[in-house]
Amino acid sequence: MRCQSGVEKASRTRASFSRRVLNGLLLCSGDMEHLDKYMKDKSFVLQLVVCGLRAVTRVILANNPLSGGLILAALYWASPWQGLLGTLGVLASTLTAVITGQDSAEVAGGLHGFNGMLVSLLMGEFSSAGDWYWWLLLPVFLGSATCVFLFSGLSSFLDRWDLPAAVFPFNIIIILYLLCTGPEHPYFPHHSVKPPGALEPNATELIALQVIRGIPLGVGQIFACGDLGPSLLILGAVFLYSPLLAVHALLGSAVGTLTGLSMAVRHESLYSGLSGFNGALGCMTVGGLFFTFSLWTHLFAIASAFFSAYADIALSNLMGTVGLPASSWAATLVATLMLLLTGSLAAYRIPIGQVRAPERNLRSRSQWEAGNTEERESTDV
Amino acid sequence: MRCQSGVEKASRTRASFSRRVLNGLLLCSGDMEHLDKYMKDKSFVLQLVVCGLRAVTRVILANNPLSGGLILAALYWASPWQGLLGTLGVLASTLTAVITGQDSAEVAGGLHGFNGMLVSLLMGEFSSAGDWYWWLLLPVFLGSATCVFLFSGLSSFLDRWDLPAAVFPFNIIIILYLLCTGPEHPYFPHHSVKPPGALEPNATELIALQVIRGIPLGVGQIFACGDLGPSLLILGAVFLYSPLLAVHALLGSAVGTLTGLSMAVRHESLYSGLSGFNGALGCMTVGGLFFTFSLWTHLFAIASAFFSAYADIALSNLMGTVGLPASSWAATLVATLMLLLTGSLAAYRIPIGQVRAPERNLRSRSQWEAGNTEERESTDV
Amino acid sequence: MRCQSGVEKASRTRASFSRRVLNGLLLCSGDMEHLDKYMKDKSFVLQLVVCGLRAVTRVILANNPLSGGLILAALYWASPWQGLLGTLGVLASTLTAVITGQDSAEVAGGLHGFNGMLVSLLMGEFSSAGDWYWWLLLPVFLGSATCVFLFSGLSSFLDRWDLPAAVFPFNIIIILYLLCTGPEHPYFPHHSVKPPGALEPNATELIALQVIRGIPLGVGQIFACGDLGPSLLILGAVFLYSPLLAVHALLGSAVGTLTGLSMAVRHESLYSGLSGFNGALGCMTVGGLFFTFSLWTHLFAIASAFFSAYADIALSNLMGTVGLPASSWAATLVATLMLLLTGSLAAYRIPIGQVRAPERNLRSRSQWEAGNTEERESTDV
């Protein structure tokens, strides 16, 4: 009896341990809103760190400081210089938002940091002056700070349709920066961009394995990161926030790669994951984030991924004629369009202010539809 | 006496016959709303045919299934392959609208089909792979279906100003398609477009008769049709819907040709009617369709035709630098601007939801202004 | 006693004289709203002259008929042909506004004339057919008249956000005109524009004095005027309207020149003042005009000048690839963005309908904040 009770006890302990681990994991996944309460009376620096990490994940449509830490680690792993630029970009734009008196809840949620981060990363990526070119910090600071202005202005503009400013600020600023400077600029030279539809004189056979490798790289390319390891770590960070979002990221990247194949883009585009990242973003936006997950939204997410990827090839070819990249214009425009859609998809639309991790969106909606007597907010514990 | 009465009877019969013919014609002209009641309990396929034919006429701002039949006949006459593509485009986008749960009244009115039709026709027109290249059906289906998304999203966006989405979706999709592919694309090659302002090294004397022939061709070019016979049939179809609209179509095309002459565009542009079709569209929109017909609206319609035609030359020159056509961007933008205008024109503006054939608009307005006690809808029998 | 009283009297007379001069100057500065009452029963031609002169100053964000006279004098001084074109442009667009039934208060305020004037000036500036080429009056009339349509339509559109149409109509029309015609156009040839980032093969040393001279020229370039004397006169006209605005004009032009230096633009750009005028416009909009003057708005005005100037370099490089100038797109877009901004700047925002000279804005606000019981309008005598 004693032995049995010992075993029972051990198994109970084990069960309670694994339950605790599971609870711990659940606490670490999703939006981690419980952290906000805990952070309220902490120092400014600590708050800045948390909101900076949230901002890092906002780039990939997540919102979780732990994921942010993982992504930052991935970026430093891929290139310490890029990691540094990204960190500075987040800090510069978040601090600008604080100084210019933006809404503190938005700042705390990381909404004013992610555009700055993207601008910094892409400035580093396109610079042909090599790593550790310290003068680059000047445009990085200026560009990141300007994102706050654009984000605030565009939000006011798009607010009429309950649309987010998303990464429009980043897309605008990076284009302006690249236009200001040029391939032979004396201070800030940068690489010229080759359009994906450019003809390859010595085209070799397509290597299937390389193409498949491009699919996870497409997720990394959202952060301008072209290495497999860091890309997988970024994917893991998304998985920590929301497994559903991670699945849609991979699915969208695959759709984007398929689209690239169907339009016979340059092999380099497929191998590097550049064909996939607009598809990934387009797919993530619809599949669970701004719409409650369902079979319908899943199908629309795939359609959105296809549309984003085709539009990206078109815009890349257009902007490539003047040596510019299309960055994430395609996905941002398509996502905005999807949010405006009427018909069956509109029924699943979640108001911008109530968007949480896909799993939470799903739960709060089902509770809300079941109960309907209680307030939506109060059902979310 | 008897003889006289016989004559009288015959003349009365004749009168009643001609009255009946006239009534029959009147029943076939205009929006044919009486058909909708009749169609309500008919099979889905028959409803699809009627709404598809309505969609065909929506391209040229009309809304009449019989006109749609005539136009479709004209397209098959000009080129069976183009006719087939147009038919498939209408069906693809209308069915997509049904599947994605768009408003059924809009679908029945043909609002979700005309953009798809235009996309298909232009894809066929620009393709350099020749007729009966069956792979082209793939982009035709995809492009037409995507128009529904754009139409729905843009409608939500423009609804704030009571503006129609018009042919913006077509213009966007065809540009994206042409950008995705290219002149030497392995799967979907297409002709490169020469801007109207391009210099002609061996310019010959301008032939006046050819220029005049370009005026009715301008109406046909709305459907990318460059043959005289079919163009006249299309004009006849518009006349069946509304004589006033047909007059404005010709007038606008003439204004467009004049504009082309004043800017010394390439002769080919004038001869083919490409100079005229934006003018025609710009003139039709204002002269009677979205505004009650009057001397003022007539003058504004001519101004709109001039502005559309000049803007078309400008945009064609701009987009021609990257080998793209300006399609109907100019007319669509100018028409949108006209609908936003304040001042004396705004007094004639008809709310989008109440736009009918120009003759009906005129009648319902005069009745409405005279009575003003009865509801506007009830005065329309 | 007598002598003393004489001195006293003389000093009193002198004091009263200088007070009267000051009062006279004060009457001539600012918006001169007292003139409107006086003009009410005057002839149409006189009213047209005053509203035309107001329109001339609207170009540079002022609103004062005397400043308008000074500016017009400066333009005729710089080039009589340009002066004539400007005059015709103002008249053509103002009369079009009257004919098309635009709001009479707007017309009287000169809101419908300044875009037409800019279009005419720039058409003359870019024309390579030389001065006194009378055919140019045709596009000048047409272009100026079309501005009214665009102004009215865009105002309706932007009204949802309480944004002004500003010089968007001018920017659109001049681009369309330059696209319609071309460097080798048979009727209306024009100079091709060299982007500021174009490489200079035989670059000489930068001359500091020339660069400093470019700062006041930047103010003149708002009217496409590149001579120092007339530019200073224009600056004086702005000073008459509002010293604060004149200071911001110079400051903004200096910021623009600094920006040009930091991006290593062509020397010609710096010397001619073309680098400065977007900065000047961007600075004037924020610093006192649309926002109550304060330290905050002053800082934001400098930020706005920097942003406008950088964006101008970027857009000039982009549009220069097809031989087009960026005119004042950058400043107009940035100013629009600033008006949309949330956060601390928004607290200083003045509703569009209540914008007056910066000094008046400041006074009416302080009175309004102090009193708050009286109506804002009634506090303005």
# chains A, B, ... in the order shown; residues from 1 in each chain; ligands from 1
$ residues_around --residues "Ile174 of chain A" --least-positions-apart "3" --cutoff "12 Å" --atoms "only C-alpha atoms" --output "PyMOL selection string"
(chain A and resi 115-127+139-140+142-144+146-147+167-171+177-181+190+324-329) or (chain C and resi 311+314)
$ write_last_selection --atoms "N, CA, C and O atoms" --output "short mmCIF file (atom, residue, chain, number, x, y, z; two decimals), in the first residue's frame"
data_model
loop_
_atom_site.label_atom_id
_atom_site.label_comp_id
_atom_site.auth_asym_id
_atom_site.auth_seq_id
_atom_site.Cartn_x
_atom_site.Cartn_y
_atom_site.Cartn_z
N ASN A 115 7.97 49.51 -37.04
CA ASN A 115 8.31 50.12 -38.32
C ASN A 115 9.76 50.63 -38.30
O ASN A 115 10.49 50.46 -39.28
N GLY A 116 10.13 51.23 -37.17
CA GLY A 116 11.51 51.70 -37.03
C GLY A 116 12.50 50.57 -37.14
O GLY A 116 13.56 50.70 -37.77
N MET A 117 12.15 49.42 -36.52
CA MET A 117 13.06 48.28 -36.57
C MET A 117 13.26 47.81 -38.00
O MET A 117 14.40 47.57 -38.44
N LEU A 118 12.16 47.70 -38.74
CA LEU A 118 12.24 47.24 -40.13
C LEU A 118 13.07 48.19 -40.97
O LEU A 118 13.90 47.77 -41.78
N VAL A 119 12.86 49.48 -40.77
CA VAL A 119 13.62 50.47 -41.54
C VAL A 119 15.12 50.29 -41.28
O VAL A 119 15.92 50.24 -42.22
N SER A 120 15.48 50.14 -40.02
CA SER A 120 16.89 49.99 -39.68
C SER A 120 17.48 48.72 -40.30
O SER A 120 18.57 48.75 -40.87
N LEU A 121 16.75 47.61 -40.16
CA LEU A 121 17.26 46.35 -40.69
C LEU A 121 17.47 46.45 -42.19
O LEU A 121 18.48 46.02 -42.72
N LEU A 122 16.49 47.03 -42.90
CA LEU A 122 16.59 47.10 -44.36
C LEU A 122 17.67 48.09 -44.80
O LEU A 122 18.34 47.88 -45.81
N MET A 123 17.85 49.19 -44.03
CA MET A 123 18.93 50.12 -44.36
C MET A 123 20.26 49.40 -44.27
O MET A 123 21.13 49.55 -45.14
N GLY A 124 20.42 48.58 -43.23
CA GLY A 124 21.65 47.80 -43.08
C GLY A 124 21.80 46.80 -44.20
O GLY A 124 22.88 46.61 -44.76
N GLU A 125 20.71 46.14 -44.53
CA GLU A 125 20.73 45.08 -45.54
C GLU A 125 21.12 45.63 -46.91
O GLU A 125 21.90 45.02 -47.63
N PHE A 126 20.57 46.82 -47.27
CA PHE A 126 20.83 47.35 -48.60
C PHE A 126 22.14 48.12 -48.69
O PHE A 126 22.65 48.35 -49.77
N SER A 127 22.69 48.53 -47.53
CA SER A 127 23.93 49.31 -47.56
C SER A 127 25.06 48.50 -48.20
O SER A 127 25.25 47.33 -47.88
N PRO A 139 21.20 57.89 -40.67
CA PRO A 139 19.90 57.64 -41.30
C PRO A 139 19.04 56.65 -40.52
O PRO A 139 17.81 56.75 -40.54
N VAL A 140 19.69 55.72 -39.83
CA VAL A 140 18.91 54.76 -39.04
C VAL A 140 18.10 55.49 -37.98
O VAL A 140 16.90 55.27 -37.82
N LEU A 142 17.30 58.78 -37.89
CA LEU A 142 16.34 59.69 -38.52
C LEU A 142 15.15 58.92 -39.10
O LEU A 142 13.99 59.28 -38.89
N GLY A 143 15.47 57.85 -39.84
CA GLY A 143 14.42 57.07 -40.50
C GLY A 143 13.48 56.44 -39.49
O GLY A 143 12.25 56.49 -39.65
N SER A 144 14.05 55.86 -38.43
CA SER A 144 13.22 55.22 -37.41
C SER A 144 12.31 56.24 -36.74
O SER A 144 11.14 55.98 -36.48
N THR A 146 11.21 59.04 -37.97
CA THR A 146 10.19 59.52 -38.89
C THR A 146 9.02 58.55 -39.00
O THR A 146 7.88 58.95 -39.26
N CYS A 147 9.31 57.25 -38.80
CA CYS A 147 8.25 56.25 -38.84
C CYS A 147 7.12 56.59 -37.88
O CYS A 147 5.96 56.32 -38.17
N VAL A 167 2.58 48.13 -41.77
CA VAL A 167 3.96 48.48 -42.12
C VAL A 167 4.02 49.47 -43.28
O VAL A 167 5.05 49.59 -43.94
N PHE A 168 2.94 50.21 -43.51
CA PHE A 168 3.01 51.28 -44.52
C PHE A 168 4.14 52.26 -44.21
O PHE A 168 4.90 52.63 -45.12
N PRO A 169 4.30 52.72 -42.94
CA PRO A 169 5.39 53.67 -42.66
C PRO A 169 6.76 53.15 -43.07
O PRO A 169 7.54 53.83 -43.72
N PHE A 170 7.03 51.89 -42.72
CA PHE A 170 8.32 51.30 -43.09
C PHE A 170 8.49 51.31 -44.60
O PHE A 170 9.53 51.73 -45.13
N ASN A 171 7.46 50.86 -45.32
CA ASN A 171 7.56 50.77 -46.78
C ASN A 171 7.81 52.14 -47.40
O ASN A 171 8.57 52.26 -48.37
N TYR A 177 14.32 56.59 -48.51
CA TYR A 177 15.75 56.54 -48.20
C TYR A 177 16.55 56.06 -49.40
O TYR A 177 17.56 56.68 -49.78
N LEU A 178 16.07 54.97 -50.03
CA LEU A 178 16.81 54.43 -51.17
C LEU A 178 16.80 55.39 -52.35
O LEU A 178 17.74 55.45 -53.13
N LEU A 179 15.70 56.17 -52.48
CA LEU A 179 15.63 57.15 -53.55
C LEU A 179 16.58 58.32 -53.29
O LEU A 179 17.18 58.88 -54.20
N CYS A 180 16.67 58.71 -52.02
CA CYS A 180 17.55 59.83 -51.64
C CYS A 180 19.00 59.49 -51.96
O CYS A 180 19.72 60.28 -52.54
N THR A 181 19.41 58.31 -51.53
CA THR A 181 20.76 57.88 -51.81
C THR A 181 20.72 57.10 -53.12
O THR A 181 19.73 57.08 -53.79
N HIS A 190 24.22 52.09 -51.76
CA HIS A 190 23.48 50.84 -51.49
C HIS A 190 23.40 49.98 -52.74
O HIS A 190 23.59 50.44 -53.86
N LEU A 324 14.54 49.82 -57.21
CA LEU A 324 13.99 49.79 -55.86
C LEU A 324 13.40 48.41 -55.54
O LEU A 324 12.93 47.72 -56.43
N PRO A 325 13.40 48.03 -54.26
CA PRO A 325 12.75 46.79 -53.87
C PRO A 325 11.26 47.07 -53.59
O PRO A 325 10.88 48.20 -53.29
N ALA A 326 10.42 46.04 -53.71
CA ALA A 326 9.00 46.24 -53.41
C ALA A 326 8.72 46.00 -51.93
O ALA A 326 7.58 46.13 -51.49
N SER A 327 9.76 45.66 -51.17
CA SER A 327 9.65 45.28 -49.75
C SER A 327 8.31 44.62 -49.47
O SER A 327 7.96 43.65 -50.13
N SER A 328 7.52 45.09 -48.50
CA SER A 328 6.27 44.36 -48.22
C SER A 328 5.05 45.16 -48.65
O SER A 328 3.99 45.05 -48.04
N TRP A 329 5.19 45.99 -49.68
CA TRP A 329 4.04 46.75 -50.18
C TRP A 329 2.89 45.82 -50.54
O TRP A 329 1.73 46.08 -50.18
N ALA C 311 12.28 64.22 -48.37
CA ALA C 311 11.30 63.61 -49.27
C ALA C 311 11.38 64.23 -50.65
O ALA C 311 11.19 63.55 -51.66
N ALA C 314 14.19 62.65 -52.52
CA ALA C 314 13.80 61.30 -52.93
C ALA C 314 12.85 61.36 -54.13
O ALA C 314 13.07 60.70 -55.14
#
$ residues_around --residues "Ala331 of chain B" --least-positions-apart "2" --cutoff "6 Å" --atoms "only C-alpha atoms" --output "list in words"
Asn278, Leu281, Gly282, Ser308, Ser328, Trp329, Leu333, Val334 and Ala335 of chain B
$ write_last_selection --atoms "all heavy atoms" --output "PDB file, in the first residue's frame"
ATOM      1  N   ASN B 278     -11.172  56.943 -73.788  1.00  0.00           N
ATOM      2  CA  ASN B 278     -11.230  57.564 -72.466  1.00  0.00           C
ATOM      3  C   ASN B 278     -12.142  58.784 -72.482  1.00  0.00           C
ATOM      4  O   ASN B 278     -12.891  59.017 -71.528  1.00  0.00           O
ATOM      5  CB  ASN B 278      -9.839  57.941 -71.985  1.00  0.00           C
ATOM      6  CG  ASN B 278      -9.186  56.846 -71.181  1.00  0.00           C
ATOM      7  OD1 ASN B 278      -9.528  56.683 -70.014  1.00  0.00           O
ATOM      8  ND2 ASN B 278      -8.304  56.089 -71.793  1.00  0.00           N
ATOM      9  N   LEU B 281     -15.733  57.497 -72.324  1.00  0.00           N
ATOM     10  CA  LEU B 281     -16.127  57.086 -70.970  1.00  0.00           C
ATOM     11  C   LEU B 281     -16.330  58.295 -70.066  1.00  0.00           C
ATOM     12  O   LEU B 281     -17.300  58.372 -69.306  1.00  0.00           O
ATOM     13  CB  LEU B 281     -15.063  56.159 -70.382  1.00  0.00           C
ATOM     14  CG  LEU B 281     -15.084  54.718 -70.883  1.00  0.00           C
ATOM     15  CD1 LEU B 281     -13.859  53.969 -70.394  1.00  0.00           C
ATOM     16  CD2 LEU B 281     -16.345  54.015 -70.408  1.00  0.00           C
ATOM     17  N   GLY B 282     -15.405  59.261 -70.158  1.00  0.00           N
ATOM     18  CA  GLY B 282     -15.508  60.459 -69.327  1.00  0.00           C
ATOM     19  C   GLY B 282     -16.772  61.241 -69.637  1.00  0.00           C
ATOM     20  O   GLY B 282     -17.408  61.799 -68.736  1.00  0.00           O
ATOM     21  N   SER B 308     -10.453  63.893 -69.437  1.00  0.00           N
ATOM     22  CA  SER B 308     -10.131  62.462 -69.499  1.00  0.00           C
ATOM     23  C   SER B 308      -9.142  62.188 -70.615  1.00  0.00           C
ATOM     24  O   SER B 308      -8.182  61.425 -70.443  1.00  0.00           O
ATOM     25  CB  SER B 308     -11.396  61.642 -69.763  1.00  0.00           C
ATOM     26  OG  SER B 308     -12.345  61.803 -68.761  1.00  0.00           O
ATOM     27  N   SER B 328      -8.085  52.418 -68.808  1.00  0.00           N
ATOM     28  CA  SER B 328      -9.060  53.492 -68.594  1.00  0.00           C
ATOM     29  C   SER B 328      -8.839  54.218 -67.270  1.00  0.00           C
ATOM     30  O   SER B 328      -9.763  54.716 -66.647  1.00  0.00           O
ATOM     31  CB  SER B 328     -10.487  52.953 -68.681  1.00  0.00           C
ATOM     32  OG  SER B 328     -10.681  51.883 -67.806  1.00  0.00           O
ATOM     33  N   TRP B 329      -7.605  54.247 -66.796  1.00  0.00           N
ATOM     34  CA  TRP B 329      -7.280  54.976 -65.565  1.00  0.00           C
ATOM     35  C   TRP B 329      -7.766  56.425 -65.633  1.00  0.00           C
ATOM     36  O   TRP B 329      -8.384  56.929 -64.684  1.00  0.00           O
ATOM     37  CB  TRP B 329      -5.774  54.995 -65.320  1.00  0.00           C
ATOM     38  CG  TRP B 329      -5.266  53.808 -64.589  1.00  0.00           C
ATOM     39  CD1 TRP B 329      -4.506  52.808 -65.110  1.00  0.00           C
ATOM     40  CD2 TRP B 329      -5.478  53.473 -63.217  1.00  0.00           C
ATOM     41  NE1 TRP B 329      -4.233  51.882 -64.138  1.00  0.00           N
ATOM     42  CE2 TRP B 329      -4.812  52.259 -62.972  1.00  0.00           C
ATOM     43  CE3 TRP B 329      -6.166  54.077 -62.165  1.00  0.00           C
ATOM     44  CZ2 TRP B 329      -4.816  51.638 -61.729  1.00  0.00           C
ATOM     45  CZ3 TRP B 329      -6.166  53.461 -60.923  1.00  0.00           C
ATOM     46  CH2 TRP B 329      -5.506  52.259 -60.717  1.00  0.00           C
ATOM     47  N   LEU B 333     -10.492  58.017 -63.101  1.00  0.00           N
ATOM     48  CA  LEU B 333     -10.092  59.029 -62.116  1.00  0.00           C
ATOM     49  C   LEU B 333     -10.861  60.325 -62.317  1.00  0.00           C
ATOM     50  O   LEU B 333     -11.336  60.937 -61.350  1.00  0.00           O
ATOM     51  CB  LEU B 333      -8.583  59.287 -62.219  1.00  0.00           C
ATOM     52  CG  LEU B 333      -7.701  58.164 -61.673  1.00  0.00           C
ATOM     53  CD1 LEU B 333      -6.252  58.395 -62.047  1.00  0.00           C
ATOM     54  CD2 LEU B 333      -7.848  58.068 -60.150  1.00  0.00           C
ATOM     55  N   VAL B 334     -11.006  60.753 -63.581  1.00  0.00           N
ATOM     56  CA  VAL B 334     -11.717  62.003 -63.836  1.00  0.00           C
ATOM     57  C   VAL B 334     -13.188  61.874 -63.441  1.00  0.00           C
ATOM     58  O   VAL B 334     -13.760  62.784 -62.831  1.00  0.00           O
ATOM     59  CB  VAL B 334     -11.561  62.420 -65.317  1.00  0.00           C
ATOM     60  CG1 VAL B 334     -12.497  63.561 -65.655  1.00  0.00           C
ATOM     61  CG2 VAL B 334     -10.128  62.823 -65.603  1.00  0.00           C
ATOM     62  N   ALA B 335     -13.798  60.724 -63.762  1.00  0.00           N
ATOM     63  CA  ALA B 335     -15.195  60.523 -63.390  1.00  0.00           C
ATOM     64  C   ALA B 335     -15.358  60.589 -61.872  1.00  0.00           C
ATOM     65  O   ALA B 335     -16.299  61.204 -61.349  1.00  0.00           O
ATOM     66  CB  ALA B 335     -15.693  59.182 -63.925  1.00  0.00           C
TER      67      ALA B 335
END
$ closest_atom_pairs --of "chain A" --to "chain B" --cutoff "6 Å" --atoms "only C-alpha atoms" --output "Markdown table"
| residue | atom | partner | partner_atom | distance |
| --- | --- | --- | --- | --- |
| A:Ile313 | CA | B:Cys180 | CA | 5.6 |
| A:Ala314 | CA | B:Cys180 | CA | 4.2 |
| A:Leu337 | CA | B:Gly153 | CA | 5.3 |
| A:Leu340 | CA | B:Gly153 | CA | 4.6 |
| A:Leu341 | CA | B:Gly153 | CA | 4.4 |
| A:Thr342 | CA | B:Ser152 | CA | 5.8 |
| A:Gly343 | CA | B:Gln102 | CA | 4.5 |
| A:Ser344 | CA | B:Gly101 | CA | 5.0 |
$ closest_residue --among "A:Ala78, A:Leu88, A:Leu339, A:Leu95" --to "Phe44 of chain A" --atoms "only C-alpha atoms"
A:Leu95
$ atom_distance --atom1 "atom CA of Trp77 of chain B" --atom2 "atom CA of Gly229 of chain B"
8.7 Å
$ closest_residue --among "C:Ala62, C:Val193, C:Leu158, C:Met319" --to "Ser128 of chain C" --atoms "only C-alpha atoms"
C:Val193
$ residues_around --residues "Gly197 of chain A" --least-positions-apart "4" --cutoff "7 Å" --atoms "only C-alpha atoms" --output "list in words"
Val265, Arg266 and Asn317 of chain A
$ select_by_dssp --residues "segment 106-328 of chain A" --states "alpha helix (DSSP H)" --output "ChimeraX atom specification"
/A:106-108,114-126,137-158,168-180,208-220,228-241,243-262,267-272,277-284,295-320
$ residues_around --residues "segment 211-214 of chain B" --least-positions-apart "3" --cutoff "10 Å" --atoms "only C-alpha atoms" --output "CSV table (one decimal) with C-alpha atoms, in the first residue's frame"
chain,number,residue,atom,x,y,z
B,206,LEU,CA,-2.6,62.3,-91.6
B,207,ILE,CA,-5.6,60.8,-93.4
B,208,ALA,CA,-8.8,62.7,-92.4
B,217,LEU,CA,-13.9,52.8,-83.1
B,218,GLY,CA,-13.3,54.7,-79.9
B,219,VAL,CA,-16.6,53.3,-78.6
B,220,GLY,CA,-15.5,49.8,-79.6
B,221,GLN,CA,-12.1,50.2,-77.9
B,226,GLY,CA,-10.8,47.7,-83.1
B,227,ASP,CA,-13.2,46.7,-86.0
B,228,LEU,CA,-15.7,49.1,-87.4
B,253,SER,CA,-14.9,59.9,-78.6
B,254,ALA,CA,-14.8,62.8,-81.0
B,257,THR,CA,-9.8,62.4,-81.0
B,258,LEU,CA,-9.6,66.2,-81.1
B,261,LEU,CA,-4.8,65.9,-82.6
B,267,HIS,CA,-1.3,58.5,-86.0
B,268,GLU,CA,-1.9,54.9,-85.1
B,269,SER,CA,-3.5,56.1,-81.8
B,270,LEU,CA,-6.0,58.2,-83.7
B,271,TYR,CA,-6.8,55.7,-86.4
B,272,SER,CA,-7.4,52.8,-83.9
B,273,GLY,CA,-9.8,54.8,-81.7
B,274,LEU,CA,-7.4,54.4,-78.7
B,275,SER,CA,-7.3,58.2,-78.4
B,276,GLY,CA,-11.1,58.4,-78.1
B,277,PHE,CA,-12.3,55.8,-75.6
$ residues_around --residues "Ala55 of chain C" --least-positions-apart "6" --cutoff "12 Å" --atoms "only C-alpha atoms" --output "ChimeraX atom specification"
/C:48-49,61-69,71-72,86-87,89-94,106-118
